[in-house]
>>> print(open('work_38.json').read())   # JSON, C-alpha atoms
[["chain", "number", "residue", "atom", "x", "y", "z"],
["A", 1, "MET", "CA", -13.72, 5.01, 8.96],
["A", 2, "ILE", "CA", -11.06, 4.55, 6.27],
["A", 3, "THR", "CA", -11.79, 1.84, 3.70],
["A", 4, "VAL", "CA", -8.98, -0.03, 1.97],
["A", 5, "ILE", "CA", -9.82, -1.90, -1.24],
["A", 6, "GLY", "CA", -7.09, -4.29, -2.31],
["A", 7, "SER", "CA", -5.14, -7.50, -2.03],
["A", 8, "ILE", "CA", -4.68, -10.04, 0.76],
["A", 9, "ASN", "CA", -1.68, -12.39, 0.57],
["A", 10, "MET", "CA", 0.46, -14.77, 2.55],
["A", 11, "ASP", "CA", 4.19, -14.23, 2.05],
["A", 12, "LEU", "CA", 6.21, -17.48, 2.11],
["A", 13, "VAL", "CA", 9.88, -16.57, 2.58],
["A", 14, "VAL", "CA", 12.87, -18.88, 2.20],
["A", 15, "GLU", "CA", 16.36, -17.64, 3.05],
["A", 16, "THR", "CA", 19.22, -19.51, 1.40],
["A", 17, "ASP", "CA", 22.93, -19.05, 0.68],
["A", 18, "TYR", "CA", 22.51, -20.57, -2.78],
["A", 19, "VAL", "CA", 19.69, -20.28, -5.32],
["A", 20, "PRO", "CA", 19.29, -23.61, -7.15],
["A", 21, "GLU", "CA", 19.62, -23.90, -10.90],
["A", 22, "LYS", "CA", 17.01, -25.64, -13.07],
["A", 23, "GLY", "CA", 16.44, -29.19, -11.86],
["A", 24, "GLU", "CA", 18.64, -28.71, -8.80],
["A", 25, "THR", "CA", 17.77, -29.12, -5.11],
["A", 26, "THR", "CA", 19.55, -27.24, -2.35],
["A", 27, "LEU", "CA", 19.09, -26.72, 1.39],
["A", 28, "GLY", "CA", 17.78, -23.40, 2.68],
["A", 29, "LYS", "CA", 18.55, -21.63, 5.95],
["A", 30, "THR", "CA", 15.18, -20.43, 7.24],
["A", 31, "PHE", "CA", 11.50, -20.44, 6.30],
["A", 32, "SER", "CA", 9.05, -17.79, 7.50],
["A", 33, "THR", "CA", 5.44, -16.86, 6.79],
["A", 34, "PHE", "CA", 4.24, -13.28, 6.93],
["A", 35, "PHE", "CA", 0.87, -11.69, 6.27],
["A", 36, "GLY", "CA", 1.03, -9.49, 3.18],
["A", 37, "GLY", "CA", -0.67, -8.08, 0.14],
["A", 38, "LYS", "CA", -0.56, -4.34, -0.42],
["A", 39, "GLY", "CA", -4.19, -3.88, 0.61],
["A", 40, "ALA", "CA", -3.86, -5.84, 3.84],
["A", 41, "ASN", "CA", -0.56, -4.13, 4.64],
["A", 42, "GLN", "CA", -2.04, -0.67, 4.22],
["A", 43, "VAL", "CA", -5.15, -1.40, 6.27],
["A", 44, "VAL", "CA", -2.99, -2.77, 9.11],
["A", 45, "SER", "CA", -0.89, 0.39, 8.99],
["A", 46, "ILE", "CA", -4.06, 2.46, 9.38],
["A", 47, "ALA", "CA", -5.42, 0.35, 12.25],
["A", 48, "ARG", "CA", -2.12, 0.39, 14.14],
["A", 49, "LEU", "CA", -2.36, 4.17, 14.20],
["A", 50, "GLY", "CA", -5.68, 3.90, 16.04],
["A", 51, "LYS", "CA", -7.92, 4.80, 13.11],
["A", 52, "ALA", "CA", -11.11, 2.82, 12.41],
["A", 53, "ALA", "CA", -10.42, 0.79, 9.26],
["A", 54, "GLN", "CA", -12.19, -1.75, 7.10],
["A", 55, "MET", "CA", -10.93, -4.08, 4.39],
["A", 56, "ILE", "CA", -12.66, -4.84, 1.11],
["A", 57, "GLY", "CA", -10.98, -7.69, -0.72],
["A", 58, "ALA", "CA", -11.08, -11.41, -1.40],
["A", 59, "CYS", "CA", -9.42, -14.53, -0.07],
["A", 60, "GLY", "CA", -9.82, -18.26, -0.54],
["A", 61, "THR", "CA", -11.59, -20.66, 1.77],
["A", 62, "ASP", "CA", -8.25, -22.33, 2.52],
["A", 63, "GLN", "CA", -6.16, -22.22, 5.69],
["A", 64, "TYR", "CA", -4.19, -19.19, 4.52],
["A", 65, "GLY", "CA", -7.43, -17.28, 4.07],
["A", 66, "GLU", "CA", -8.57, -18.16, 7.58],
["A", 67, "MET", "CA", -5.20, -17.11, 8.99],
["A", 68, "ALA", "CA", -5.14, -13.82, 7.08],
["A", 69, "LEU", "CA", -8.66, -12.89, 8.19],
["A", 70, "ALA", "CA", -7.93, -13.78, 11.81],
["A", 71, "SER", "CA", -4.80, -11.63, 11.70],
["A", 72, "LEU", "CA", -6.71, -8.63, 10.32],
["A", 73, "GLN", "CA", -9.38, -9.05, 12.99],
["A", 74, "GLN", "CA", -6.72, -9.14, 15.71],
["A", 75, "GLU", "CA", -5.54, -5.77, 14.35],
["A", 76, "ASN", "CA", -9.08, -4.39, 14.86],
["A", 77, "VAL", "CA", -9.72, -4.24, 11.12],
["A", 78, "LYS", "CA", -13.34, -4.69, 10.09],
["A", 79, "THR", "CA", -13.47, -7.69, 7.70],
["A", 80, "ASP", "CA", -17.22, -8.06, 7.10],
["A", 81, "HIS", "CA", -16.69, -7.27, 3.41],
["A", 82, "VAL", "CA", -13.79, -9.55, 2.63],
["A", 83, "PHE", "CA", -15.31, -12.02, 0.17],
["A", 84, "ALA", "CA", -14.49, -15.73, 0.53],
["A", 85, "ILE", "CA", -14.11, -17.23, -2.95],
["A", 86, "PRO", "CA", -14.97, -20.96, -3.07],
["A", 87, "ASP", "CA", -12.47, -23.32, -4.77],
["A", 88, "GLU", "CA", -9.84, -20.59, -5.03],
["A", 89, "SER", "CA", -6.56, -20.20, -3.16],
["A", 90, "THR", "CA", -5.72, -17.14, -1.09],
["A", 91, "GLY", "CA", -3.09, -15.03, -2.80],
["A", 92, "ILE", "CA", 0.50, -15.98, -2.02],
["A", 93, "ALA", "CA", 3.94, -14.55, -2.66],
["A", 94, "SER", "CA", 6.75, -17.11, -2.77],
["A", 95, "ILE", "CA", 9.97, -15.27, -1.94],
["A", 96, "ILE", "CA", 13.55, -16.58, -2.15],
["A", 97, "VAL", "CA", 16.05, -14.37, -0.34],
["A", 98, "SER", "CA", 19.76, -14.86, -0.99],
["A", 99, "GLU", "CA", 22.72, -12.52, -0.42],
["A", 100, "ALA", "CA", 20.51, -9.45, 0.10],
["A", 101, "ASP", "CA", 18.68, -10.14, -3.19],
["A", 102, "ASN", "CA", 15.25, -11.67, -3.68],
["A", 103, "ARG", "CA", 13.23, -13.52, -6.28],
["A", 104, "ILE", "CA", 9.47, -13.36, -5.94],
["A", 105, "ILE", "CA", 6.63, -15.32, -7.56],
["A", 106, "VAL", "CA", 3.16, -13.95, -6.83],
["A", 107, "VAL", "CA", 0.07, -16.13, -7.34],
["A", 108, "PRO", "CA", -2.87, -13.68, -7.04],
["A", 109, "GLY", "CA", -5.48, -16.38, -6.44],
["A", 110, "ALA", "CA", -8.65, -14.91, -4.94],
["A", 111, "ASN", "CA", -7.39, -11.35, -5.41],
["A", 112, "ASN", "CA", -8.04, -11.75, -9.14],
["A", 113, "ARG", "CA", -11.62, -12.77, -8.41],
["A", 114, "LEU", "CA", -12.63, -9.49, -6.76],
["A", 115, "THR", "CA", -15.04, -8.06, -9.33],
["A", 116, "PRO", "CA", -16.97, -4.83, -9.99],
["A", 117, "ASP", "CA", -20.06, -6.77, -8.83],
["A", 118, "HIS", "CA", -18.43, -7.18, -5.42],
["A", 119, "ILE", "CA", -17.74, -3.44, -5.34],
["A", 120, "GLU", "CA", -21.39, -2.74, -6.17],
["A", 121, "GLN", "CA", -22.43, -4.97, -3.26],
["A", 122, "VAL", "CA", -20.41, -2.85, -0.80],
["A", 123, "LYS", "CA", -21.22, 0.51, -2.40],
["A", 124, "GLN", "CA", -22.85, 1.90, 0.74],
["A", 125, "GLU", "CA", -19.80, 1.02, 2.82],
["A", 126, "ILE", "CA", -17.61, 2.89, 0.35],
["A", 127, "ILE", "CA", -19.92, 5.91, 0.28],
["A", 128, "GLY", "CA", -19.90, 6.03, 4.08],
["A", 129, "SER", "CA", -16.09, 6.21, 4.28],
["A", 130, "GLU", "CA", -14.08, 9.26, 5.27],
["A", 131, "LEU", "CA", -11.45, 8.26, 2.74],
["A", 132, "VAL", "CA", -10.67, 5.25, 0.51],
["A", 133, "VAL", "CA", -7.24, 3.72, -0.21],
["A", 134, "ILE", "CA", -6.71, 1.59, -3.34],
["A", 135, "GLN", "CA", -3.74, -0.20, -4.95],
["A", 136, "LEU", "CA", -3.42, -2.23, -8.16],
["A", 137, "GLU", "CA", -3.09, -5.86, -7.02],
["A", 138, "ILE", "CA", -6.75, -6.47, -7.91],
["A", 139, "PRO", "CA", -8.34, -6.43, -11.40],
["A", 140, "THR", "CA", -8.20, -3.14, -13.29],
["A", 141, "GLU", "CA", -11.96, -3.05, -13.89],
["A", 142, "THR", "CA", -12.54, -3.45, -10.14],
["A", 143, "VAL", "CA", -10.25, -0.52, -9.38],
["A", 144, "GLN", "CA", -12.11, 1.53, -12.01],
["A", 145, "ALA", "CA", -15.50, 0.68, -10.49],
["A", 146, "ALA", "CA", -14.37, 1.70, -7.01],
["A", 147, "LEU", "CA", -12.80, 4.94, -8.21],
["A", 148, "GLU", "CA", -15.97, 5.91, -10.11],
["A", 149, "ILE", "CA", -18.14, 5.38, -7.01],
["A", 150, "CYS", "CA", -15.77, 7.55, -4.97],
["A", 151, "GLN", "CA", -15.75, 10.31, -7.57],
["A", 152, "GLU", "CA", -19.55, 10.27, -7.91],
["A", 153, "HIS", "CA", -19.98, 10.63, -4.14],
["A", 154, "GLN", "CA", -16.97, 12.92, -3.54],
["A", 155, "ILE", "CA", -15.09, 10.44, -1.33],
["A", 156, "PRO", "CA", -11.36, 11.29, -1.22],
["A", 157, "VAL", "CA", -9.11, 8.55, -2.63],
["A", 158, "VAL", "CA", -5.44, 7.75, -2.09],
["A", 159, "LEU", "CA", -4.39, 5.67, -5.11],
["A", 160, "ASN", "CA", -1.08, 3.85, -4.74],
["A", 161, "PRO", "CA", -0.23, 2.88, -8.37],
["A", 162, "ALA", "CA", 1.54, -0.40, -7.67],
["A", 163, "PRO", "CA", 2.16, -2.64, -9.47],
["A", 164, "VAL", "CA", 2.47, 0.11, -12.05],
["A", 165, "ASP", "CA", 1.96, -2.29, -14.99],
["A", 166, "HIS", "CA", -1.75, -2.28, -14.12],
["A", 167, "PHE", "CA", -2.05, 1.51, -14.11],
["A", 168, "GLN", "CA", -4.52, 3.21, -16.46],
["A", 169, "GLN", "CA", -4.17, 6.88, -17.38],
["A", 170, "GLU", "CA", -7.85, 7.53, -16.67],
["A", 171, "PHE", "CA", -7.19, 6.70, -13.01],
["A", 172, "ILE", "CA", -5.35, 10.02, -12.60],
["A", 173, "ASP", "CA", -8.44, 12.20, -12.79],
["A", 174, "LEU", "CA", -10.43, 9.82, -10.57],
["A", 175, "ALA", "CA", -7.92, 9.89, -7.69],
["A", 176, "THR", "CA", -7.55, 12.65, -5.11],
["A", 177, "TYR", "CA", -3.95, 11.71, -4.29],
["A", 178, "LEU", "CA", -1.57, 9.62, -6.39],
["A", 179, "THR", "CA", 1.46, 8.17, -4.58],
["A", 180, "PRO", "CA", 3.99, 6.51, -6.90],
["A", 181, "ASN", "CA", 7.64, 5.98, -6.06],
["A", 182, "GLU", "CA", 10.26, 7.46, -8.41],
["A", 183, "SER", "CA", 10.37, 4.44, -10.70],
["A", 184, "GLU", "CA", 6.59, 4.20, -10.95],
["A", 185, "CYS", "CA", 6.34, 7.93, -11.57],
["A", 186, "ARG", "CA", 8.72, 7.71, -14.54],
["A", 187, "GLN", "CA", 6.75, 4.82, -16.02],
["A", 188, "ILE", "CA", 3.51, 6.80, -15.75],
["A", 189, "PHE", "CA", 4.69, 10.31, -16.62],
["A", 190, "GLY", "CA", 8.11, 9.97, -18.27],
["A", 191, "GLU", "CA", 11.53, 11.14, -17.14],
["A", 192, "ASN", "CA", 10.62, 14.75, -16.30],
["A", 193, "ILE", "CA", 9.45, 14.42, -12.68],
["A", 194, "GLU", "CA", 9.30, 18.20, -12.11],
["A", 195, "LYS", "CA", 6.93, 18.60, -15.05],
["A", 196, "ALA", "CA", 4.71, 15.80, -13.76],
["A", 197, "LEU", "CA", 4.53, 17.37, -10.31],
["A", 198, "GLU", "CA", 3.64, 20.76, -11.78],
["A", 199, "GLN", "CA", 0.93, 19.16, -13.92],
["A", 200, "TYR", "CA", -0.76, 17.69, -10.84],
["A", 201, "PRO", "CA", -0.35, 20.11, -7.92],
["A", 202, "ASN", "CA", -1.42, 18.82, -4.50],
["A", 203, "LYS", "CA", -2.32, 15.48, -6.10],
["A", 204, "LEU", "CA", 0.93, 13.80, -7.13],
["A", 205, "ILE", "CA", 3.09, 12.78, -4.15],
["A", 206, "ILE", "CA", 6.31, 11.01, -5.16],
["A", 207, "THR", "CA", 7.89, 8.80, -2.52],
["A", 208, "LEU", "CA", 11.70, 8.64, -2.44],
["A", 209, "GLY", "CA", 12.38, 5.76, -0.06],
["A", 210, "ASP", "CA", 14.52, 6.75, 2.92],
["A", 211, "LYS", "CA", 15.07, 10.19, 1.36],
["A", 212, "GLY", "CA", 11.44, 11.20, 1.97],
["A", 213, "ALA", "CA", 8.86, 12.46, -0.54],
["A", 214, "ARG", "CA", 8.03, 15.47, -2.70],
["A", 215, "PHE", "CA", 5.05, 17.32, -4.12],
["A", 216, "PHE", "CA", 4.16, 20.64, -5.81],
["A", 217, "ASP", "CA", 1.59, 22.96, -4.23],
["A", 218, "GLY", "CA", 0.78, 25.03, -7.31],
["A", 219, "GLU", "CA", 3.45, 27.63, -6.57],
["A", 220, "GLN", "CA", 6.54, 25.82, -5.31],
["A", 221, "HIS", "CA", 8.11, 22.39, -5.07],
["A", 222, "HIS", "CA", 8.32, 20.78, -1.61],
["A", 223, "PHE", "CA", 10.82, 18.11, -0.56],
["A", 224, "ILE", "CA", 9.91, 16.51, 2.78],
["A", 225, "GLN", "CA", 13.00, 14.80, 4.15],
["A", 226, "GLY", "CA", 12.92, 11.25, 5.50],
["A", 227, "PHE", "CA", 14.00, 10.16, 8.99],
["A", 228, "GLN", "CA", 17.27, 8.57, 10.04],
["A", 229, "THR", "CA", 16.91, 4.83, 10.68],
["A", 230, "THR", "CA", 18.77, 1.53, 10.49],
["A", 231, "PRO", "CA", 16.72, -0.70, 8.18],
["A", 232, "VAL", "CA", 16.26, -4.42, 8.75],
["A", 233, "ASP", "CA", 13.57, -5.08, 6.13],
["A", 234, "THR", "CA", 12.18, -2.40, 3.80],
["A", 235, "THR", "CA", 9.36, -4.60, 2.42],
["A", 236, "GLY", "CA", 6.46, -2.74, 4.04],
["A", 237, "ALA", "CA", 7.81, 0.81, 3.96],
["A", 238, "GLY", "CA", 5.75, 2.00, 1.00],
["A", 239, "ASP", "CA", 2.55, 0.45, 2.34],
["A", 240, "THR", "CA", 3.18, 2.00, 5.75],
["A", 241, "PHE", "CA", 3.69, 5.39, 4.09],
["A", 242, "ASN", "CA", 0.40, 5.12, 2.21],
["A", 243, "GLY", "CA", -1.63, 3.97, 5.19],
["A", 244, "SER", "CA", -0.12, 6.63, 7.43],
["A", 245, "PHE", "CA", -0.58, 9.36, 4.82],
["A", 246, "ALA", "CA", -4.25, 8.37, 4.54],
["A", 247, "VAL", "CA", -4.71, 8.62, 8.31],
["A", 248, "ALA", "CA", -3.10, 12.05, 8.45],
["A", 249, "VAL", "CA", -5.20, 13.38, 5.54],
["A", 250, "ALA", "CA", -8.40, 11.96, 7.07],
["A", 251, "GLU", "CA", -7.51, 13.74, 10.32],
["A", 252, "GLY", "CA", -7.32, 17.05, 8.46],
["A", 253, "LYS", "CA", -3.55, 17.52, 8.19],
["A", 254, "ARG", "CA", -2.13, 19.59, 5.34],
["A", 255, "ILE", "CA", -0.24, 17.62, 2.66],
["A", 256, "GLU", "CA", 3.16, 18.68, 3.97],
["A", 257, "GLU", "CA", 2.27, 17.61, 7.52],
["A", 258, "ALA", "CA", 0.71, 14.37, 6.28],
["A", 259, "ILE", "CA", 3.87, 13.47, 4.35],
["A", 260, "LYS", "CA", 6.09, 14.18, 7.35],
["A", 261, "PHE", "CA", 3.87, 11.98, 9.51],
["A", 262, "ALA", "CA", 3.99, 9.21, 6.89],
["A", 263, "ASN", "CA", 7.78, 9.50, 6.56],
["A", 264, "ALA", "CA", 8.19, 9.04, 10.33],
["A", 265, "SER", "CA", 5.87, 6.04, 10.29],
["A", 266, "ALA", "CA", 7.66, 4.42, 7.32],
["A", 267, "SER", "CA", 11.05, 4.93, 8.98],
["A", 268, "LEU", "CA", 9.85, 2.92, 11.97],
["A", 269, "SER", "CA", 8.37, 0.14, 9.84],
["A", 270, "VAL", "CA", 11.69, -0.94, 8.34],
["A", 271, "GLU", "CA", 13.25, -1.72, 11.72],
["A", 272, "LYS", "CA", 11.66, -5.21, 11.94],
["A", 273, "LYS", "CA", 11.29, -8.15, 9.55],
["A", 274, "GLY", "CA", 8.00, -8.63, 7.72],
["A", 275, "ALA", "CA", 5.84, -6.08, 5.96],
["A", 276, "GLN", "CA", 3.32, -5.80, 8.82],
["A", 277, "ASN", "CA", 5.47, -6.67, 11.83],
["A", 278, "GLY", "CA", 7.18, -3.30, 12.05],
["A", 279, "MET", "CA", 4.19, -1.08, 11.37],
["A", 280, "PRO", "CA", 4.15, 1.39, 14.26],
["A", 281, "SER", "CA", 1.61, 2.65, 16.78],
["A", 282, "LEU", "CA", 0.53, 6.27, 16.87],
["A", 283, "GLU", "CA", 2.57, 6.78, 20.06],
["A", 284, "SER", "CA", 5.74, 5.56, 18.34],
["A", 285, "VAL", "CA", 5.23, 7.85, 15.36],
["A", 286, "LEU", "CA", 4.56, 10.89, 17.55],
["A", 287, "GLU", "CA", 7.67, 10.10, 19.56],
["A", 288, "ARG", "CA", 9.82, 9.95, 16.42],
["A", 289, "LEU", "CA", 8.33, 13.20, 15.18],
["A", 290, "SER", "CA", 9.09, 14.86, 18.51],
["A", 291, "LEU", "CA", 12.75, 13.82, 18.33],
["A", 292, "GLU", "CA", 13.09, 15.65, 15.01],
["A", 293, "GLN", "CA", 11.69, 18.95, 16.30]]
>>> encode(input="work_38.json", output="structure tokens")
Amino acid sequence: MITVIGSINMDLVVETDYVPEKGETTLGKTFSTFFGGKGANQVVSIARLGKAAQMIGACGTDQYGEMALASLQQENVKTDHVFAIPDESTGIASIIVSEADNRIIVVPGANNRLTPDHIEQVKQEIIGSELVVIQLEIPTETVQAALEICQEHQIPVVLNPAPVDHFQQEFIDLATYLTPNESECRQIFGENIEKALEQYPNKLIITLGDKGARFFDGEQHHFIQGFQTTPVDTTGAGDTFNGSFAVAVAEGKRIEEAIKFANASASLSVEKKGAQNGMPSLESVLERLSLEQ
């Protein structure tokens, strides 16, 4: 069982040709709702690949919370330890898309109410996990509490440091794998990416979007190339990578193999709209890998 500790959101997306100015009203083209939140996205990615997965997080007792939980359950994600927070809204992201650009307002809602006390309540579930995946859309002290439990009980952790503004340097030593993109890596470690990789061999995996990912094994640098694809929506690519990487590591794959598997999975995820809609099955990933042999 892989445990994901993180955020649960509803994404509310408006497409428009024109973004209104202050005090102005305009007509949009389309409105769509998608299930999101980095935690929920990553746990869905894991479950789609056929791996037993459970979610630890928080949502409101509103309609969005009910919808998000039902969606996770339909994906065969165990949701027994998603906490319902009374009188709090489920997290939402309000997204305006115009001319291939977007403006996003995130209201964390219940995600900000997931506390270290909640983590203590589910300690045995965490200890019983093969591997734990964490991101930073929940309070910093909650991330810290989860990481400390994992370190104490030698549970491997994939830490996706996003949003990077919430990253704490002490998280580095508590994580087994750290998976920033290039921009996040520079904010954490500075401009010298090679130096950062060499400082954290077999721990720091830097994702490069459609170009792939890289890591350092203690002796040499490795660049694992991405897969050719025609993207429709890249929103969930990073979350798909992290979930898929976690599955591959839990199944005993070497880092290089795990990254290649995650690259193939991420390349498939961008071919449909919505962060979770395009997340692939194991069969689809294996087929894409076979085409690159």
>>> closest_atom_pairs(input="work_38.json", of="stretch 40-119 of chain A", to="stretch 249-269 of chain A", cutoff="10 Å", atoms="all atoms listed in the file", output="tab-separated table")
residue	atom	partner	partner_atom	distance
A:Ser45	CA	A:Ser265	CA	8.9
A:Leu49	CA	A:Ser265	CA	9.3
A:Lys51	CA	A:Glu251	CA	9.4
>>> residues_around(input="work_38.json", residues="A:Gln169", least_positions_apart="5", cutoff="10 Å", atoms="all atoms listed in the file", output="list in words")
Leu174, Ile188 and Phe189 of chain A
>>> write_last_selection(input="work_38.json", atoms="C-alpha atoms", output="PDB file, in the coordinates of the input")
ATOM      1  CA  LEU A 174     -10.430   9.820 -10.570  1.00  0.00           C
ATOM      2  CA  ILE A 188       3.510   6.800 -15.750  1.00  0.00           C
ATOM      3  CA  PHE A 189       4.690  10.310 -16.620  1.00  0.00           C
TER       4      PHE A 189
END
>>> atom_distance(input="work_38.json", atom1="atom CA of A:Glu130", atom2="atom CA of A:Met1")
5.6 Å
>>> atom_distance(input="work_38.json", atom1="atom CA of A:Leu197", atom2="atom CA of A:Ile149")
25.9 Å
>>> atom_distance(input="work_38.json", atom1="atom CA of A:Thr235", atom2="atom CA of A:Ala275")
5.2 Å
>>> closest_residue(input="work_38.json", among="A:Glu184, A:Ser284, A:Met279, A:His166", to="A:Ala47", atoms="all atoms listed in the file")
A:Met279
>>> residues_around(input="work_38.json", residues="stretch 34-38 of chain A", least_positions_apart="6", cutoff="10 Å", atoms="all atoms listed in the file", output="PyMOL selection string")
chain A and resi 4-13+44+64+67-69+71-72+91-93+106+108+111+134-138+160+162-163+235-236+238-240+242+273-277
>>> residues_around(input="work_38.json", residues="A:Thr26", least_positions_apart="3", cutoff="10 Å", atoms="only C-alpha atoms", output="PyMOL selection string")
chain A and resi 16-21
>>> write_last_selection(input="work_38.json", atoms="C-alpha atoms", output="tab-separated table (two decimals), in the coordinates of the input")
chain	number	residue	atom	x	y	z
A	16	THR	CA	19.22	-19.51	1.40
A	17	ASP	CA	22.93	-19.05	0.68
A	18	TYR	CA	22.51	-20.57	-2.78
A	19	VAL	CA	19.69	-20.28	-5.32
A	20	PRO	CA	19.29	-23.61	-7.15
A	21	GLU	CA	19.62	-23.90	-10.90
